[in-house]
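> Below are the structure tokens for one structure; questions will follow.
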Amino acid sequence: MKSEFQRLYQQLYRHFGSQGWWPTTPPGETRPRYYPGQVGRPLSEDEQWEIAVGALLTQNTAWRNAEQALEALHRHGALALQALAGLEERQLAALIRSSGYYNQKARRLQHLARHVATHHQGELGRLLDGPTRAVRAELLALPGIGPETADSILLYAGGHPVFVVDAYTRRICSRLGWVGEGTGHAALQELFMKHLPAAAALFNEYHALLVRLATSYCRSRPQCAACPLRRWCRHGQGQDH
Ligand code: SF4
């Protein structure tokens, strides 16, 4: 099984190349930018915070909608932690409208910002510097932060070796024939982490590649004929007949 997890990664990397996650916005620009081939580069405090905000904004929506909300926050000088924490909730909700569920997300963002301001001297990096298990528990205790969001923040902002599992991961693994459709988040995460070396750079690229596969070929209606995994995917092979 170990080789299957590594083989999947190699196949995806060979086909798609580095995904450059997580995109962050360079100073003086408003649009988040990908950094192909720079997985694992050191992040600034601003970048860590932007990633956490992006992880909340992309809940239940496509990244392009979260990206628009990030751009709006940038344009209005409202992305920085203190600025975001100080906004009126309805102002923040209006700025992030493109991301959907904007009232709920505004509340969640302000909870996170105020928590970091109160308990970590306004620096997300201080929170993320703790042991993985403790940081994860602290994030999960905040409103609206579930396992997928917490793990995204841990991995992409904090560099913790935690494999991010989402609905795309479950869909792909189920179609490959590795797990049942009802496999839970923790079981799926454990499976990846058990069969791969605990390396943040690998987990970073792997999750990004799975998302790329799910949005390019393994969609709700899969495009198996063109998919690079077709020859060894159980669902894809079934499409031959
Ligand atoms: S072959 Fe089809 S079902 Fe299998 S991973 Fe590719 S798109 Fe998904």
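Naming works like this for the structure tokens: A, B, ... for the chains as they're shown, residue 1 at the start of each chain, ligands 1 onward in shown order.
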Could you list the protein, DNA and RNA residues that have any atom within 7 Å of ligand 1, counting only C-alpha atoms and all ligand atoms, and write them as a list in words?

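These are the residues that qualify: Ile172, Arg175, Leu176, Tyr217, Cys218, Arg219, Pro222, Gln223, Cys224, Cys227, Pro228, Leu229, Arg230, Cys233, Arg234, His235 and Gly236 of chain A.
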
> Between region 141-219 of chain A and region 12-25 of chain A, at 8 Å or less, what are the per-residue closest atom pairs and their distances in Å? Count only C-alpha atoms, order by chain and rising residue number, and return it as CSV.


residue,atom,partner,partner_atom,distance
A:Tyr156,CA,A:Trp22,CA,6.3
A:Asn204,CA,A:Trp21,CA,7.1
A:Glu205,CA,A:Gln19,CA,6.7
A:Ala208,CA,A:Gln19,CA,6.2
A:Leu209,CA,A:Leu12,CA,6.3
A:Leu210,CA,A:Leu12,CA,7.8
A:Arg212,CA,A:Phe16,CA,7.9
A:Leu213,CA,A:Leu12,CA,7.6

> Point out the residue among A:Gly144, A:Gln91, A:Gly158, A:Arg107 with the least atom-to-atom distance to Leu43 (chain A), counting only C-alpha atoms.

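So, comparing all the options, the nearest one is A:Gly158.
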
> Determine the nearest neighbour of Leu112 (chain A) from the options A:Asp151, A:Leu127, A:Pro26, A:Thr61, counting only C-alpha atoms.

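Closest candidate: A:Leu127.
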
> For Leu188 (chain A), which of A:Leu202, A:Gly146, A:Val164, A:Ala83 is the closest residue, counting only C-alpha atoms?

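Between A:Leu202, A:Gly146, A:Val164, A:Ala83, the residue approaching Leu188 (chain A) most closely is A:Val164.
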
> Considering only C-alpha atoms, can you say which of A:Ala66, A:Val211, A:Leu56, A:Ala150 comes closest to Thr169 (chain A)?

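Using only C-alpha atoms, the shortest distance to Thr169 (chain A) belongs to A:Val211.
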
> Taking into account only C-alpha atoms, which residue in the set A:Val162, A:Val116, A:Arg64, A:Ser98 is nearest to Ala85 (chain A)?

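For Ala85 (chain A), the nearest of the given residues is A:Val116.
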